[in-house]
$ cat coords10.txt   # compact mmCIF, C-alpha atoms
# COMPACT_ATOMS: atom_id res chain seq x y z
CA MET H 1 -20.49 -4.45 3.09
CA ALA H 2 -17.66 -5.73 0.89
CA THR H 3 -14.24 -5.80 2.50
CA PHE H 4 -11.34 -3.60 1.40
CA LYS H 5 -9.56 -6.67 0.07
CA THR H 6 -12.61 -7.65 -1.99
CA ARG H 7 -13.19 -4.12 -3.31
CA LEU H 8 -9.56 -3.80 -4.39
CA SER H 9 -9.60 -7.23 -6.03
CA GLN H 10 -12.76 -6.43 -7.97
CA ILE H 11 -11.49 -3.18 -9.46
CA SER H 12 -8.08 -4.74 -10.21
CA LYS H 13 -9.70 -7.38 -12.41
CA ILE H 14 -10.87 -4.55 -14.66
CA ASN H 15 -8.19 -1.88 -14.30
CA GLY H 16 -5.10 -3.91 -13.49
CA ARG H 17 -3.06 -4.10 -10.30
CA VAL H 18 -1.31 -0.73 -10.20
CA ILE H 19 -1.69 1.62 -7.22
CA LEU H 20 -0.50 5.18 -7.78
CA ALA H 21 1.82 6.46 -5.05
CA ASN H 22 0.77 10.09 -5.34
CA ASP H 23 3.77 11.21 -3.29
CA TYR H 24 4.90 14.60 -4.55
CA ASP H 25 7.78 16.43 -2.92
CA PHE H 26 7.60 19.78 -1.16
CA SER H 27 8.18 21.82 -4.34
CA VAL H 28 4.86 20.81 -5.94
CA LYS H 29 2.05 23.31 -5.43
CA ASN H 30 -1.73 22.89 -5.79
CA LEU H 31 -1.60 19.38 -4.35
CA GLU H 32 -5.35 18.92 -4.25
CA SER H 33 -5.99 19.89 -7.87
CA LYS H 34 -2.89 18.00 -9.08
CA THR H 35 -3.99 14.84 -7.29
CA ILE H 36 -7.55 15.06 -8.57
CA GLN H 37 -6.21 15.63 -12.08
CA ASN H 38 -4.11 12.47 -11.76
CA ILE H 39 -7.15 10.47 -10.70
CA LYS H 40 -9.24 11.74 -13.60
CA GLN H 41 -6.51 11.08 -16.18
CA LEU H 42 -5.05 7.83 -14.89
CA HIS H 43 -8.00 6.00 -13.28
CA PRO H 44 -8.55 3.57 -16.19
CA PHE H 45 -5.10 2.11 -15.47
CA LEU H 46 -5.27 2.08 -11.64
CA CYS H 47 -7.01 0.10 -8.93
CA GLY H 48 -6.06 2.49 -6.14
CA ILE H 49 -4.16 5.54 -4.99
CA LYS H 50 -1.84 5.88 -2.00
CA LEU H 51 -1.34 9.16 -0.16
CA ASN H 52 1.76 9.42 2.01
CA PHE H 53 2.11 11.33 5.29
CA HIS H 54 4.05 14.19 3.71
CA LEU H 55 1.27 14.73 1.17
CA LEU H 56 -1.49 14.65 3.77
CA LEU H 57 0.05 17.19 6.15
CA PRO H 58 -0.27 20.26 3.86
CA LEU H 59 -3.87 19.40 2.95
CA SER H 60 -7.01 20.27 4.89
CA GLY H 61 -9.55 17.65 5.88
CA LYS H 62 -11.93 19.05 3.28
CA GLU H 63 -9.32 18.69 0.55
CA ILE H 64 -8.46 15.11 1.56
CA LEU H 65 -12.14 14.17 1.63
CA LYS H 66 -12.63 15.61 -1.86
CA ILE H 67 -9.65 13.61 -3.17
CA ASN H 68 -11.03 10.38 -1.70
CA GLU H 69 -14.53 11.09 -3.00
CA THR H 70 -13.11 11.67 -6.48
CA ALA H 71 -11.17 8.40 -6.34
CA HIS H 72 -14.28 6.52 -5.24
CA LYS H 73 -16.26 8.10 -8.05
CA TYR H 74 -13.98 6.23 -10.45
CA GLY H 75 -14.02 3.03 -8.40
CA LEU H 76 -10.53 3.38 -6.92
CA GLN H 77 -9.55 2.38 -3.40
CA THR H 78 -7.56 4.87 -1.30
CA ILE H 79 -4.77 4.08 1.14
CA ALA H 80 -3.37 6.32 3.88
CA ASP H 81 0.34 5.58 4.04
CA ILE H 82 1.24 6.85 7.51
CA LYS H 83 3.13 3.78 8.87
CA LEU H 84 0.81 3.83 11.89
CA ASN H 85 2.56 2.60 15.03
CA ASP H 86 1.36 3.56 18.50
CA ILE H 87 -0.63 2.48 21.52
CA GLY H 88 -4.11 1.09 21.00
CA ASN H 89 -6.06 4.22 21.83
CA THR H 90 -3.96 6.39 19.53
CA ASN H 91 -4.32 3.85 16.73
CA ARG H 92 -8.09 3.81 17.22
CA VAL H 93 -8.50 7.59 17.22
CA THR H 94 -6.16 7.96 14.23
CA THR H 95 -8.01 5.43 12.11
CA GLU H 96 -11.39 6.91 13.03
CA HIS H 97 -10.19 10.21 11.59
CA LEU H 98 -8.86 8.46 8.47
CA TRP H 99 -12.13 6.59 7.89
CA ASN H 100 -14.09 9.84 8.33
CA LEU H 101 -11.83 11.40 5.69
CA GLY H 102 -12.84 8.64 3.29
CA PHE H 103 -9.82 6.31 3.30
CA ASP H 104 -10.31 2.62 2.62
CA ALA H 105 -7.12 1.34 4.26
CA VAL H 106 -4.10 2.33 6.31
CA ILE H 107 -0.48 1.18 6.16
CA ALA H 108 0.82 0.32 9.62
CA ASN H 109 4.13 -0.64 11.19
CA PRO H 110 3.84 -4.03 12.96
CA ILE H 111 6.57 -3.05 15.42
CA MET H 112 3.62 -1.92 17.60
CA GLY H 113 3.30 -5.57 18.65
CA LEU H 114 0.98 -8.42 17.79
CA ASP H 115 -1.80 -7.66 20.28
CA SER H 116 -2.03 -4.01 19.21
CA LEU H 117 -1.98 -5.09 15.57
CA LYS H 118 -4.80 -7.57 16.13
CA ASN H 119 -6.90 -4.86 17.77
CA LEU H 120 -6.20 -2.47 14.91
CA VAL H 121 -7.25 -5.03 12.31
CA GLN H 122 -10.42 -6.00 14.18
CA SER H 123 -11.44 -2.36 14.52
CA ALA H 124 -10.74 -1.64 10.85
CA HIS H 125 -12.62 -4.69 9.61
CA LYS H 126 -15.69 -3.75 11.68
CA ASN H 127 -15.77 -0.55 9.63
CA GLY H 128 -15.21 -2.30 6.30
CA LYS H 129 -11.66 -0.93 6.12
CA GLY H 130 -8.28 -2.54 5.55
CA VAL H 131 -4.86 -2.76 7.19
CA ILE H 132 -1.61 -3.27 5.28
CA THR H 133 1.56 -3.84 7.32
CA LEU H 134 5.23 -3.36 6.54
CA CYS H 135 7.19 -6.54 6.01
CA HIS H 136 10.26 -5.50 4.00
CA MET H 137 10.65 -2.08 2.38
CA SER H 138 12.23 -1.27 -0.99
CA ALA H 139 15.11 1.05 -0.10
CA PRO H 140 18.62 -0.54 -0.07
CA GLU H 141 19.13 0.32 3.61
CA ALA H 142 16.03 -1.73 4.47
CA LYS H 143 18.36 -4.73 4.72
CA LEU H 144 19.92 -3.18 7.83
CA SER H 145 16.67 -3.50 9.75
CA TYR H 146 14.27 -5.93 8.07
CA ASP H 147 17.01 -8.53 7.50
CA MET H 148 18.15 -8.21 11.11
CA GLU H 149 18.38 -11.57 12.87
CA ILE H 150 16.31 -11.75 16.03
CA LYS H 151 15.48 -14.40 18.58
CA MET H 152 11.81 -14.64 19.38
CA GLY H 153 11.10 -18.26 20.10
CA LYS H 154 13.59 -19.12 17.38
CA ASN H 155 16.30 -17.41 15.37
CA GLN H 156 14.72 -15.60 12.44
CA GLN H 157 14.96 -12.41 10.46
CA LEU H 158 12.73 -9.49 11.35
CA TYR H 159 10.71 -9.64 8.11
CA GLU H 160 9.89 -13.29 8.87
CA LEU H 161 8.47 -12.28 12.24
CA PHE H 162 6.48 -9.45 10.62
CA LEU H 163 5.06 -11.92 8.08
CA ASN H 164 4.03 -14.31 10.86
CA TRP H 165 2.37 -11.47 12.76
CA ALA H 166 0.56 -10.32 9.61
CA LEU H 167 -0.88 -13.81 9.19
CA ALA H 168 -1.76 -14.13 12.87
CA ALA H 169 -3.49 -10.73 12.95
CA LYS H 170 -5.28 -11.42 9.63
CA VAL H 171 -4.15 -8.19 7.99
CA ASP H 172 -5.25 -7.57 4.42
CA GLY H 173 -1.78 -7.30 2.96
CA ILE H 174 1.91 -6.68 3.49
CA VAL H 175 4.43 -4.33 1.90
CA VAL H 176 7.44 -6.07 0.37
CA GLY H 177 9.74 -3.99 -1.83
CA ALA H 178 10.01 -4.81 -5.52
CA THR H 179 13.78 -4.64 -5.11
CA PHE H 180 13.72 -7.90 -3.12
CA PRO H 181 11.98 -10.47 -5.39
CA LYS H 182 13.34 -13.47 -3.45
CA ILE H 183 11.68 -12.19 -0.29
CA ILE H 184 8.46 -11.69 -2.26
CA GLN H 185 8.68 -15.34 -3.33
CA TYR H 186 9.21 -16.44 0.27
CA CYS H 187 6.28 -14.40 1.56
CA SER H 188 4.00 -15.44 -1.27
CA LYS H 189 4.73 -19.12 -0.72
CA LYS H 190 4.13 -18.91 3.02
CA ALA H 191 1.09 -16.62 2.92
CA GLY H 192 -0.70 -18.19 -0.03
CA LYS H 193 -4.06 -16.48 -0.52
CA ASN H 194 -4.33 -15.36 3.10
CA LEU H 195 -2.96 -11.89 2.37
CA SER H 196 -1.97 -9.72 -0.59
CA ILE H 197 1.54 -8.47 -1.33
CA PHE H 198 1.97 -4.78 -2.18
CA SER H 199 5.30 -3.91 -3.80
CA PRO H 200 6.74 -0.39 -4.10
CA GLY H 201 10.09 0.26 -5.77
CA VAL H 202 9.33 -0.50 -9.43
CA GLY H 203 11.24 1.63 -11.93
CA THR H 204 13.05 4.45 -10.15
CA GLN H 205 14.40 2.21 -7.38
CA GLY H 206 15.27 -0.58 -9.80
CA GLY H 207 12.46 -3.09 -9.30
CA SER H 208 11.02 -4.93 -12.31
CA ALA H 209 7.22 -5.06 -12.58
CA SER H 210 7.14 -8.29 -14.54
CA GLU H 211 9.65 -10.00 -12.23
CA VAL H 212 7.80 -9.17 -9.01
CA ILE H 213 4.41 -10.11 -10.47
CA SER H 214 5.83 -13.51 -11.41
CA SER H 215 7.39 -13.73 -7.93
CA GLY H 216 4.02 -13.38 -6.23
CA THR H 217 3.28 -9.66 -5.91
CA ASN H 218 -0.44 -8.89 -6.07
CA TYR H 219 -0.27 -5.09 -6.40
CA LEU H 220 2.37 -2.71 -7.73
CA ILE H 221 2.77 0.59 -5.88
CA VAL H 222 4.29 3.04 -8.36
CA GLY H 223 4.99 6.75 -7.95
CA ARG H 224 7.85 8.51 -9.67
CA MET H 225 7.88 6.23 -12.70
CA ILE H 226 4.42 7.59 -13.54
CA LEU H 227 4.48 11.05 -11.96
CA ASN H 228 7.81 12.06 -13.53
CA SER H 229 7.09 10.51 -16.91
CA LYS H 230 6.82 12.69 -20.00
CA ASN H 231 3.71 10.68 -20.79
CA PRO H 232 2.14 9.52 -17.49
CA ILE H 233 -0.85 7.91 -19.21
CA GLN H 234 1.36 5.76 -21.44
CA SER H 235 3.58 4.80 -18.51
CA ALA H 236 0.55 3.82 -16.41
CA LYS H 237 -0.89 1.84 -19.32
CA GLU H 238 2.36 -0.10 -19.81
CA LEU H 239 2.47 -0.95 -16.10
CA GLN H 240 -1.16 -1.99 -16.22
CA LEU H 241 -0.39 -4.52 -18.96
CA GLN H 242 2.55 -5.88 -16.97
CA SER H 243 0.37 -6.20 -13.89
CA PHE H 244 -1.96 -8.41 -15.90
CA GLY H 245 1.05 -10.56 -16.76
CA LYS H 246 1.12 -9.44 -20.41
$ encode --input "coords10.txt" --output "structure tokens"
Amino acid sequence: MATFKTRLSQISKINGRVILANDYDFSVKNLESKTIQNIKQLHPFLCGIKLNFHLLLPLSGKEILKINETAHKYGLQTIADIKLNDIGNTNRVTTEHLWNLGFDAVIANPIMGLDSLKNLVQSAHKNGKGVITLCHMSAPEAKLSYDMEIKMGKNQQLYELFLNWALAAKVDGIVVGATFPKIIQYCSKKAGKNLSIFSPGVGTQGGSASEVISSGTNYLIVGRMILNSKNPIQSAKELQLQSFGK
């Protein structure tokens, strides 16, 4: 069975390195049909789709499974963005449910600790699934926490510790906001090819797709720039070209 990282890499070579953050707000109705419509219309320009916690909660298991099956029909990988962070047993039960619903990967919060993270990754990889961990998020206030200086063996910033844990646990990728290209460069240089960098925050939050790709980002996570566009297909196509470095 091919790994999540391999599956995502393979489709990205054809479709580009854009992952749709299908994160609608509470006012949007018919979430299942709207999401499936997005997959059918935008799949030629995407390698994956990310479903956030607030989108998953209103949907039934049957609806989520149908969304994931539709994405897989078009070769896309699906990511459950729930910032998983709990004790080992809860992490295990949660991911079992996610895998049964058809997800290919989960986004987790490494604050759970290195041992718990290692167990999560080992369990996911046994099932051919992936784990992506937070390293530095895209919102401006992220600096208040992820840039925090800590002392754990040595003085370092929290995102540096999270990067070290990601490497030690052999996660598939880390989230580093597109609004912090210098941190992307740092992570890319230190991680090399050992993990992929996923960057949200392009467009609406001010991040530049071309800048972060050149800084070392492997995958762009884009939501509102596509979802709120007057021409979502054109917007996705333009991002696709930028993800190829064109």
$ closest_residue --input "coords10.txt" --among "H:Ser199, H:Asn119, H:Ser215, H:Asn85" --to "Val171 of chain H" --atoms "only C-alpha atoms"
H:Asn119
$ residues_around --input "coords10.txt" --residues "segment 61-71 of chain H" --least-positions-apart "3" --cutoff "9 Å" --atoms "only C-alpha atoms" --output "number ranges by chain"
H: 32-33, 35-36, 39-40, 43, 48-49, 56, 74-78, 100-104
$ write_last_selection --input "coords10.txt" --atoms "C-alpha atoms" --output "JSON list (two decimals), keeping the file's coordinate frame"
[["chain", "number", "residue", "atom", "x", "y", "z"],
["H", 32, "GLU", "CA", -5.35, 18.92, -4.25],
["H", 33, "SER", "CA", -5.99, 19.89, -7.87],
["H", 35, "THR", "CA", -3.99, 14.84, -7.29],
["H", 36, "ILE", "CA", -7.55, 15.06, -8.57],
["H", 39, "ILE", "CA", -7.15, 10.47, -10.70],
["H", 40, "LYS", "CA", -9.24, 11.74, -13.60],
["H", 43, "HIS", "CA", -8.00, 6.00, -13.28],
["H", 48, "GLY", "CA", -6.06, 2.49, -6.14],
["H", 49, "ILE", "CA", -4.16, 5.54, -4.99],
["H", 56, "LEU", "CA", -1.49, 14.65, 3.77],
["H", 74, "TYR", "CA", -13.98, 6.23, -10.45],
["H", 75, "GLY", "CA", -14.02, 3.03, -8.40],
["H", 76, "LEU", "CA", -10.53, 3.38, -6.92],
["H", 77, "GLN", "CA", -9.55, 2.38, -3.40],
["H", 78, "THR", "CA", -7.56, 4.87, -1.30],
["H", 100, "ASN", "CA", -14.09, 9.84, 8.33],
["H", 101, "LEU", "CA", -11.83, 11.40, 5.69],
["H", 102, "GLY", "CA", -12.84, 8.64, 3.29],
["H", 103, "PHE", "CA", -9.82, 6.31, 3.30],
["H", 104, "ASP", "CA", -10.31, 2.62, 2.62]]
$ atom_distance --input "coords10.txt" --atom1 "atom CA of Arg17 of chain H" --atom2 "atom CA of Ser243 of chain H"
5.4 Å
$ residues_around --input "coords10.txt" --residues "Ile11 of chain H" --least-positions-apart "4" --cutoff "7 Å" --atoms "all atoms listed in the file" --output "list in words"
Arg7, Asn15, Cys47 and Gly75 of chain H
$ closest_residue --input "coords10.txt" --among "H:Gly206, H:Gly216, H:Pro140, H:Pro44" --to "Val18 of chain H" --atoms "all atoms listed in the file"
H:Pro44
$ closest_residue --input "coords10.txt" --among "H:Val106, H:Val212, H:Leu163, H:Val175" --to "Ile197 of chain H" --atoms "all atoms listed in the file"
H:Val175
$ residues_around --input "coords10.txt" --residues "Leu134 of chain H" --least-positions-apart "2" --cutoff "12 Å" --atoms "all atoms listed in the file" --output "number ranges by chain"
H: 81-85, 106-112, 117, 131-132, 136-138, 142, 145-146, 158-166, 171-177, 196-200
$ closest_residue --input "coords10.txt" --among "H:Ala178, H:Ala169, H:Leu59, H:Ala236" --to "Asn218 of chain H" --atoms "all atoms listed in the file"
H:Ala178
$ atom_distance --input "coords10.txt" --atom1 "atom CA of His97 of chain H" --atom2 "atom CA of Gln37 of chain H"
24.6 Å
$ atom_distance --input "coords10.txt" --atom1 "atom CA of Ile221 of chain H" --atom2 "atom CA of Leu20 of chain H"
5.9 Å
$ closest_residue --input "coords10.txt" --among "H:Ser188, H:Gln10, H:Thr179, H:Thr94" --to "Thr217 of chain H" --atoms "all atoms listed in the file"
H:Ser188
$ closest_residue --input "coords10.txt" --among "H:Asp23, H:Thr90, H:Gly203, H:Asn194" --to "Glu238 of chain H" --atoms "all atoms listed in the file"
H:Gly203
$ build_atoms --input "coords10.txt" --residues "segment 208-222 of chain H" --atoms "N, CA and C atoms" --output "PDB file, keeping the file's coordinate frame"
ATOM      1  N   SER H 208      11.636  -4.570 -11.033  1.00  0.00           N
ATOM      2  CA  SER H 208      11.020  -4.930 -12.310  1.00  0.00           C
ATOM      3  C   SER H 208       9.575  -5.378 -12.076  1.00  0.00           C
ATOM      4  N   ALA H 209       8.642  -4.721 -12.760  1.00  0.00           N
ATOM      5  CA  ALA H 209       7.220  -5.060 -12.580  1.00  0.00           C
ATOM      6  C   ALA H 209       6.936  -6.498 -12.952  1.00  0.00           C
ATOM      7  N   SER H 210       7.420  -6.929 -14.091  1.00  0.00           N
ATOM      8  CA  SER H 210       7.140  -8.290 -14.540  1.00  0.00           C
ATOM      9  C   SER H 210       7.769  -9.330 -13.612  1.00  0.00           C
ATOM     10  N   GLU H 211       8.972  -9.043 -13.112  1.00  0.00           N
ATOM     11  CA  GLU H 211       9.650 -10.000 -12.230  1.00  0.00           C
ATOM     12  C   GLU H 211       8.900 -10.171 -10.912  1.00  0.00           C
ATOM     13  N   VAL H 212       8.459  -9.045 -10.318  1.00  0.00           N
ATOM     14  CA  VAL H 212       7.800  -9.170  -9.010  1.00  0.00           C
ATOM     15  C   VAL H 212       6.394  -9.763  -9.145  1.00  0.00           C
ATOM     16  N   ILE H 213       5.714  -9.488 -10.247  1.00  0.00           N
ATOM     17  CA  ILE H 213       4.410 -10.110 -10.470  1.00  0.00           C
ATOM     18  C   ILE H 213       4.571 -11.620 -10.566  1.00  0.00           C
ATOM     19  N   SER H 214       5.593 -12.060 -11.293  1.00  0.00           N
ATOM     20  CA  SER H 214       5.830 -13.510 -11.410  1.00  0.00           C
ATOM     21  C   SER H 214       6.324 -14.105 -10.096  1.00  0.00           C
ATOM     22  N   SER H 215       6.893 -13.253  -9.215  1.00  0.00           N
ATOM     23  CA  SER H 215       7.390 -13.730  -7.930  1.00  0.00           C
ATOM     24  C   SER H 215       6.286 -13.860  -6.890  1.00  0.00           C
ATOM     25  N   GLY H 216       5.135 -13.246  -7.155  1.00  0.00           N
ATOM     26  CA  GLY H 216       4.020 -13.380  -6.230  1.00  0.00           C
ATOM     27  C   GLY H 216       3.386 -12.083  -5.766  1.00  0.00           C
ATOM     28  N   THR H 217       3.889 -10.943  -6.260  1.00  0.00           N
ATOM     29  CA  THR H 217       3.280  -9.660  -5.910  1.00  0.00           C
ATOM     30  C   THR H 217       1.859  -9.576  -6.454  1.00  0.00           C
ATOM     31  N   ASN H 218       0.950  -9.068  -5.632  1.00  0.00           N
ATOM     32  CA  ASN H 218      -0.440  -8.890  -6.070  1.00  0.00           C
ATOM     33  C   ASN H 218      -0.704  -7.488  -6.601  1.00  0.00           C
ATOM     34  N   TYR H 219      -0.031  -6.475  -5.999  1.00  0.00           N
ATOM     35  CA  TYR H 219      -0.270  -5.090  -6.400  1.00  0.00           C
ATOM     36  C   TYR H 219       1.049  -4.324  -6.484  1.00  0.00           C
ATOM     37  N   LEU H 220       1.202  -3.569  -7.562  1.00  0.00           N
ATOM     38  CA  LEU H 220       2.370  -2.710  -7.730  1.00  0.00           C
ATOM     39  C   LEU H 220       2.043  -1.322  -7.192  1.00  0.00           C
ATOM     40  N   ILE H 221       2.912  -0.793  -6.344  1.00  0.00           N
ATOM     41  CA  ILE H 221       2.770   0.590  -5.880  1.00  0.00           C
ATOM     42  C   ILE H 221       3.817   1.415  -6.611  1.00  0.00           C
ATOM     43  N   VAL H 222       3.363   2.310  -7.480  1.00  0.00           N
ATOM     44  CA  VAL H 222       4.290   3.040  -8.360  1.00  0.00           C
ATOM     45  C   VAL H 222       4.035   4.533  -8.261  1.00  0.00           C
TER      46      VAL H 222
END
